[in-house]
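S.K.: Shown below is the structure under consideration.
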Amino acid sequence: MKVTFPRLGTMHIFCKAIAETAGIPYLVPPLTSRKTLALGVKNSNECICLPFKVILGNFIEALQRGADTIVMVGSGPPCRLGLYDLVHQVILEDLGLHYRWLTIPSRLTWPALMKNHEETKPLRKELTPKNYLTFPYALYIGWRKMLATEHLEQRAMQVRAREVIKGSTQRNLQHVLQLLDEAKGGREITEAVREGERIIQETEQDSGRRPFKVAIVGELYTVMDPEINGGVEQRLGELGVTVTRSSWFSTHINRSLGIGREQRRERLHFYEASKEYLRYDVGAECNVSVGETIVRAQEGYDGVVHLMPFACMPETTAAAVLKQVSKDHHIPVLTLTLDEQDVESRTQTLLEAFVDMLLWRRDKGLAAA
Ligand code: SF4
């Protein structure tokens, strides 16, 4: 058995930690690249949304490199993510690739658990008693690494806007994430976090700078994966912006499991705020994108960057609503539609223009106090 999973942001760090700690062989798919995307695009319907194509590309590359078991998160209607696992399987079979499939249910319902039970039957025969015994501890280590990764990324988001040498925060972040990735066991994770905080904080900073405050909202895959969004978070930071986002792995896992009171309360707050414009749940992150923009305007943020994949149904709705939210709540909103084209230079130009506009608003006294 060789397990693989989608390559999304820093997800490989905690997935790898779980597999390694439980002694389960694994293969991390290569970093999402133009080649990954080309494989996904070539083998999918052109109308399907971008994350579908990228994840398909991840799976093809991983299977070609020797993985034989795909672990994929499940979802439900009304979003297309609920169909990803079914359609991916049909395409991979048509391509003649051999694999076993395991869906992690997004909600603990009886049908989902029964499906999971069926899918794990052949896999269970290959697992040893040691794999079973260490699995709970492996989940704990994976969870700790996930929280630690998010914590260090959030620290970097604060520091980046004041860095003196462009790119220095990102270099330091990559280094500390590497330390965290290599950490074995709880104590080493704690040490890696402490060392990581120190390294990020020691990035040379200009304390006289007054960074703008911008929130990134939108479809979770495009918000959380810098390879897909062209490094929006880093680019904004390097333009002197302190970035916030509420979409993290922990947010979505807590939501599915019904734990993490603070994050759930925050999402509920966003959802409630969206009711000014949306009377029902549109699906995926749509209501949260709208509600969070309203809340950030009330909190005095300078702007919002809204990320959406081309052909994403819920975020297309959000984009239309956000035009009105921007006018009503006096907050600039930049919607970036991401597709399979090379977006890097376009993204940079749009972000620079957005930050110039924020500067103009500040100079004219139009920005929030
Ligand atoms: S949220 Fe949008 S991009 Fe994500 S699966 Fe649904 S339709 Fe596709």
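How things are named: the first chain in the structure tokens is A, the next is B, and so on; residues count from 1 in each chain; ligands count from 1 in the order shown.
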Show me which residues are within 12 Å of ligand 1 counting only C-alpha atoms and all ligand atoms, and format the list as a ChimeraX atom specification.

M.R.: /A:47-55,73-85,218-224,228,282-289,307-318,337-339

S.K.: Save out the residues we just selected, C-alpha atoms, as a PDB file, in the first residue's frame.

M.R.:
```pdb
ATOM      1  CA  CYS A  47     -16.612  23.499 -17.749  1.00  0.00           C
ATOM      2  CA  ILE A  48     -15.684  21.898 -14.452  1.00  0.00           C
ATOM      3  CA  CYS A  49     -14.169  24.131 -11.793  1.00  0.00           C
ATOM      4  CA  LEU A  50     -10.438  24.663 -11.403  1.00  0.00           C
ATOM      5  CA  PRO A  51      -9.864  22.742  -8.115  1.00  0.00           C
ATOM      6  CA  PHE A  52     -11.288  19.610  -9.752  1.00  0.00           C
ATOM      7  CA  LYS A  53      -8.690  19.841 -12.529  1.00  0.00           C
ATOM      8  CA  VAL A  54      -5.797  20.522 -10.161  1.00  0.00           C
ATOM      9  CA  ILE A  55      -6.685  17.658  -7.815  1.00  0.00           C
ATOM     10  CA  VAL A  73     -12.220  14.224   1.464  1.00  0.00           C
ATOM     11  CA  GLY A  74     -15.910  13.913   0.668  1.00  0.00           C
ATOM     12  CA  SER A  75     -18.571  16.576   0.613  1.00  0.00           C
ATOM     13  CA  GLY A  76     -22.216  16.941  -0.228  1.00  0.00           C
ATOM     14  CA  PRO A  77     -24.607  19.064  -2.258  1.00  0.00           C
ATOM     15  CA  PRO A  78     -25.161  21.748  -3.387  1.00  0.00           C
ATOM     16  CA  CYS A  79     -21.527  22.210  -4.384  1.00  0.00           C
ATOM     17  CA  ARG A  80     -19.757  20.170  -7.079  1.00  0.00           C
ATOM     18  CA  LEU A  81     -17.166  19.049  -4.551  1.00  0.00           C
ATOM     19  CA  GLY A  82     -19.735  16.426  -3.551  1.00  0.00           C
ATOM     20  CA  LEU A  83     -19.222  14.788  -6.958  1.00  0.00           C
ATOM     21  CA  TYR A  84     -15.461  15.114  -7.172  1.00  0.00           C
ATOM     22  CA  ASP A  85     -14.666  11.676  -5.825  1.00  0.00           C
ATOM     23  CA  GLY A 218     -13.575  33.147  -1.254  1.00  0.00           C
ATOM     24  CA  GLU A 219     -13.532  29.537  -2.356  1.00  0.00           C
ATOM     25  CA  LEU A 220     -11.468  27.583   0.124  1.00  0.00           C
ATOM     26  CA  TYR A 221      -9.156  25.791  -2.296  1.00  0.00           C
ATOM     27  CA  THR A 222      -8.132  28.982  -4.076  1.00  0.00           C
ATOM     28  CA  VAL A 223      -7.757  30.837  -0.779  1.00  0.00           C
ATOM     29  CA  MET A 224      -5.564  28.173   0.821  1.00  0.00           C
ATOM     30  CA  ILE A 228      -3.300  28.099  -7.520  1.00  0.00           C
ATOM     31  CA  VAL A 282     -26.069  29.267  -1.472  1.00  0.00           C
ATOM     32  CA  GLY A 283     -23.460  26.590  -0.820  1.00  0.00           C
ATOM     33  CA  ALA A 284     -19.747  26.201  -0.137  1.00  0.00           C
ATOM     34  CA  GLU A 285     -18.227  29.521   1.016  1.00  0.00           C
ATOM     35  CA  CYS A 286     -20.614  31.940  -0.722  1.00  0.00           C
ATOM     36  CA  ASN A 287     -22.462  33.187   2.363  1.00  0.00           C
ATOM     37  CA  VAL A 288     -19.245  33.380   4.378  1.00  0.00           C
ATOM     38  CA  SER A 289     -17.532  35.422   1.618  1.00  0.00           C
ATOM     39  CA  LEU A 307     -10.789  34.733  -4.773  1.00  0.00           C
ATOM     40  CA  MET A 308     -12.833  32.437  -6.957  1.00  0.00           C
ATOM     41  CA  PRO A 309     -12.103  29.755  -9.521  1.00  0.00           C
ATOM     42  CA  PHE A 310     -13.557  30.285 -12.967  1.00  0.00           C
ATOM     43  CA  ALA A 311     -16.943  28.494 -13.229  1.00  0.00           C
ATOM     44  CA  CYS A 312     -17.364  28.240  -9.450  1.00  0.00           C
ATOM     45  CA  MET A 313     -21.120  28.468  -8.913  1.00  0.00           C
ATOM     46  CA  PRO A 314     -21.302  29.682  -5.279  1.00  0.00           C
ATOM     47  CA  GLU A 315     -18.528  32.282  -5.656  1.00  0.00           C
ATOM     48  CA  THR A 316     -19.982  33.646  -8.909  1.00  0.00           C
ATOM     49  CA  THR A 317     -23.080  34.457  -6.869  1.00  0.00           C
ATOM     50  CA  ALA A 318     -20.916  35.958  -4.115  1.00  0.00           C
ATOM     51  CA  THR A 337     -11.128  34.947 -10.994  1.00  0.00           C
ATOM     52  CA  LEU A 338      -8.564  32.214 -11.279  1.00  0.00           C
ATOM     53  CA  ASP A 339      -8.442  29.900 -14.234  1.00  0.00           C
TER      54      ASP A 339
END
```

S.K.: Can you tell me which residues surround Ala215 in chain A at a distance of at most 8 Å, considering only C-alpha atoms, apart from same-chain residues fewer than 5 positions away, and format the answer as number ranges by chain?

M.R.: A: 243-245, 293, 296, 301, 303-305

S.K.: Could you write those residues out with N, CA, C and O atoms, as a PDB file, in the first residue's frame?

M.R.:
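Okay, this is what ended up in out_27.pdb:
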```pdb
ATOM      1  N   VAL A 243      -2.427  40.736   5.983  1.00  0.00           N
ATOM      2  CA  VAL A 243      -3.527  39.935   5.434  1.00  0.00           C
ATOM      3  C   VAL A 243      -4.169  39.083   6.534  1.00  0.00           C
ATOM      4  O   VAL A 243      -3.489  38.587   7.426  1.00  0.00           O
ATOM      5  N   THR A 244      -5.481  38.957   6.452  1.00  0.00           N
ATOM      6  CA  THR A 244      -6.227  38.053   7.344  1.00  0.00           C
ATOM      7  C   THR A 244      -7.036  37.107   6.471  1.00  0.00           C
ATOM      8  O   THR A 244      -7.500  37.523   5.413  1.00  0.00           O
ATOM      9  N   ARG A 245      -7.181  35.898   6.912  1.00  0.00           N
ATOM     10  CA  ARG A 245      -8.169  35.014   6.264  1.00  0.00           C
ATOM     11  C   ARG A 245      -8.754  34.100   7.326  1.00  0.00           C
ATOM     12  O   ARG A 245      -8.097  33.787   8.326  1.00  0.00           O
ATOM     13  N   THR A 293     -17.066  39.872   4.411  1.00  0.00           N
ATOM     14  CA  THR A 293     -16.766  41.201   3.849  1.00  0.00           C
ATOM     15  C   THR A 293     -17.497  42.285   4.647  1.00  0.00           C
ATOM     16  O   THR A 293     -16.914  43.329   4.978  1.00  0.00           O
ATOM     17  N   ARG A 296     -15.776  42.585   8.045  1.00  0.00           N
ATOM     18  CA  ARG A 296     -14.463  43.256   7.941  1.00  0.00           C
ATOM     19  C   ARG A 296     -14.640  44.760   7.716  1.00  0.00           C
ATOM     20  O   ARG A 296     -13.858  45.568   8.211  1.00  0.00           O
ATOM     21  N   TYR A 301     -11.481  47.335   8.237  1.00  0.00           N
ATOM     22  CA  TYR A 301     -10.474  46.862   7.271  1.00  0.00           C
ATOM     23  C   TYR A 301     -10.417  47.813   6.077  1.00  0.00           C
ATOM     24  O   TYR A 301     -11.410  48.483   5.754  1.00  0.00           O
ATOM     25  N   GLY A 303      -9.760  46.828   2.922  1.00  0.00           N
ATOM     26  CA  GLY A 303     -10.282  46.216   1.699  1.00  0.00           C
ATOM     27  C   GLY A 303     -10.413  44.713   1.834  1.00  0.00           C
ATOM     28  O   GLY A 303     -10.003  44.121   2.839  1.00  0.00           O
ATOM     29  N   VAL A 304     -10.983  44.118   0.796  1.00  0.00           N
ATOM     30  CA  VAL A 304     -11.172  42.660   0.763  1.00  0.00           C
ATOM     31  C   VAL A 304     -10.760  42.157  -0.617  1.00  0.00           C
ATOM     32  O   VAL A 304     -11.097  42.776  -1.632  1.00  0.00           O
ATOM     33  N   VAL A 305     -10.013  41.068  -0.636  1.00  0.00           N
ATOM     34  CA  VAL A 305      -9.710  40.402  -1.910  1.00  0.00           C
ATOM     35  C   VAL A 305     -10.522  39.117  -1.944  1.00  0.00           C
ATOM     36  O   VAL A 305     -10.445  38.296  -1.018  1.00  0.00           O
TER      37      VAL A 305
END
```

S.K.: Compare A:Thr4, A:Asn116, A:Gln158, A:Thr109 by their minimum atom-to-atom distance to Val241 in chain A, counting only C-alpha atoms, and give me the closest one.

M.R.: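 For Val241 in chain A, the nearest of the candidates is A:Gln158.
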
S.K.: Name all residues at most 10 Å from Lys275 in chain A (count only C-alpha atoms; drop same-chain ones fewer than 4 positions away) and give them as a list of chain:residue names.

M.R.: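 Counting only the stated atoms, we get A:Phe270, A:Tyr271, A:Arg279, A:Tyr280, A:Asp281, A:Asn287, A:Val290, A:Gly291.
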
S.K.: Mind dumping the selected residues with N, CA and C atoms as a PDB file, in the first residue's frame?

M.R.:
```
ATOM      1  N   PHE A 270     -20.343  35.435  10.476  1.00  0.00           N
ATOM      2  CA  PHE A 270     -20.271  35.813   9.060  1.00  0.00           C
ATOM      3  C   PHE A 270     -21.578  35.417   8.350  1.00  0.00           C
ATOM      4  N   TYR A 271     -22.021  34.211   8.670  1.00  0.00           N
ATOM      5  CA  TYR A 271     -23.234  33.709   8.019  1.00  0.00           C
ATOM      6  C   TYR A 271     -24.431  34.610   8.344  1.00  0.00           C
ATOM      7  N   ARG A 279     -30.823  35.139   1.574  1.00  0.00           N
ATOM      8  CA  ARG A 279     -31.835  34.605   2.498  1.00  0.00           C
ATOM      9  C   ARG A 279     -31.713  33.097   2.683  1.00  0.00           C
ATOM     10  N   TYR A 280     -30.815  32.448   1.979  1.00  0.00           N
ATOM     11  CA  TYR A 280     -30.646  30.994   2.113  1.00  0.00           C
ATOM     12  C   TYR A 280     -29.175  30.651   1.909  1.00  0.00           C
ATOM     13  N   ASP A 281     -28.840  29.404   2.205  1.00  0.00           N
ATOM     14  CA  ASP A 281     -27.442  28.962   2.075  1.00  0.00           C
ATOM     15  C   ASP A 281     -27.162  28.629   0.606  1.00  0.00           C
ATOM     16  N   ASN A 287     -21.901  32.330   1.305  1.00  0.00           N
ATOM     17  CA  ASN A 287     -22.462  33.187   2.363  1.00  0.00           C
ATOM     18  C   ASN A 287     -21.361  33.741   3.263  1.00  0.00           C
ATOM     19  N   VAL A 290     -19.585  36.701   1.593  1.00  0.00           N
ATOM     20  CA  VAL A 290     -20.383  37.931   1.675  1.00  0.00           C
ATOM     21  C   VAL A 290     -20.394  38.458   3.112  1.00  0.00           C
ATOM     22  N   GLY A 291     -20.701  37.548   4.060  1.00  0.00           N
ATOM     23  CA  GLY A 291     -20.798  37.970   5.463  1.00  0.00           C
ATOM     24  C   GLY A 291     -19.474  38.461   6.011  1.00  0.00           C
TER      25      GLY A 291
END
```

S.K.: May I have the residues within 6 Å of range 209-212 of chain A as number ranges by chain, using only C-alpha atoms and disregarding those fewer than 2 positions away in the same chain?

M.R.: A: 206-207, 240-242

S.K.: Which residue, A:Thr190, A:Gln174, A:Asp181, A:Phe249, has the smallest gap to Glu150 in chain A when you use only C-alpha atoms?

M.R.: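 Under the stated criterion, the closest residue is A:Phe249.
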
S.K.: Could you name the residues that touch Thr10 in chain A at 10 Å or less, counting only C-alpha atoms, but leaving out those on the same chain fewer than 3 positions away, as a list in words?

M.R.: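 The residues that qualify are Arg7, Ile13, Phe14, Cys15, Met146, Thr149, Glu150, Glu153, Leu177, Asp181, Met224, Asp225, Pro226 and Phe249 of chain A.
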
S.K.: Any chance you can output those residues with C-alpha atoms as a CSV table (one decimal), in the first residue's frame?

M.R.:
```
chain,number,residue,atom,x,y,z
A,7,ARG,CA,-1.6,18.6,-2.7
A,13,ILE,CA,2.9,18.4,6.2
A,14,PHE,CA,0.1,17.0,8.5
A,15,CYS,CA,-0.9,14.2,6.1
A,146,MET,CA,-1.6,21.4,11.3
A,149,THR,CA,1.7,25.3,10.6
A,150,GLU,CA,-1.3,27.7,10.7
A,153,GLU,CA,1.7,31.2,8.7
A,177,LEU,CA,7.9,25.0,7.9
A,181,ASP,CA,7.9,19.0,8.8
A,224,MET,CA,-5.6,28.2,0.8
A,225,ASP,CA,-3.4,27.1,-2.1
A,226,PRO,CA,-0.7,29.6,-3.1
A,249,PHE,CA,-7.7,23.5,7.4
```

S.K.: Can you tell me which residues surround range 97-102 of chain A at a distance of at most 6 Å, considering only C-alpha atoms, apart from same-chain residues fewer than 3 positions away, and format the answer as a PyMOL selection string?

M.R.: chain A and resi 68-71+92-93+119
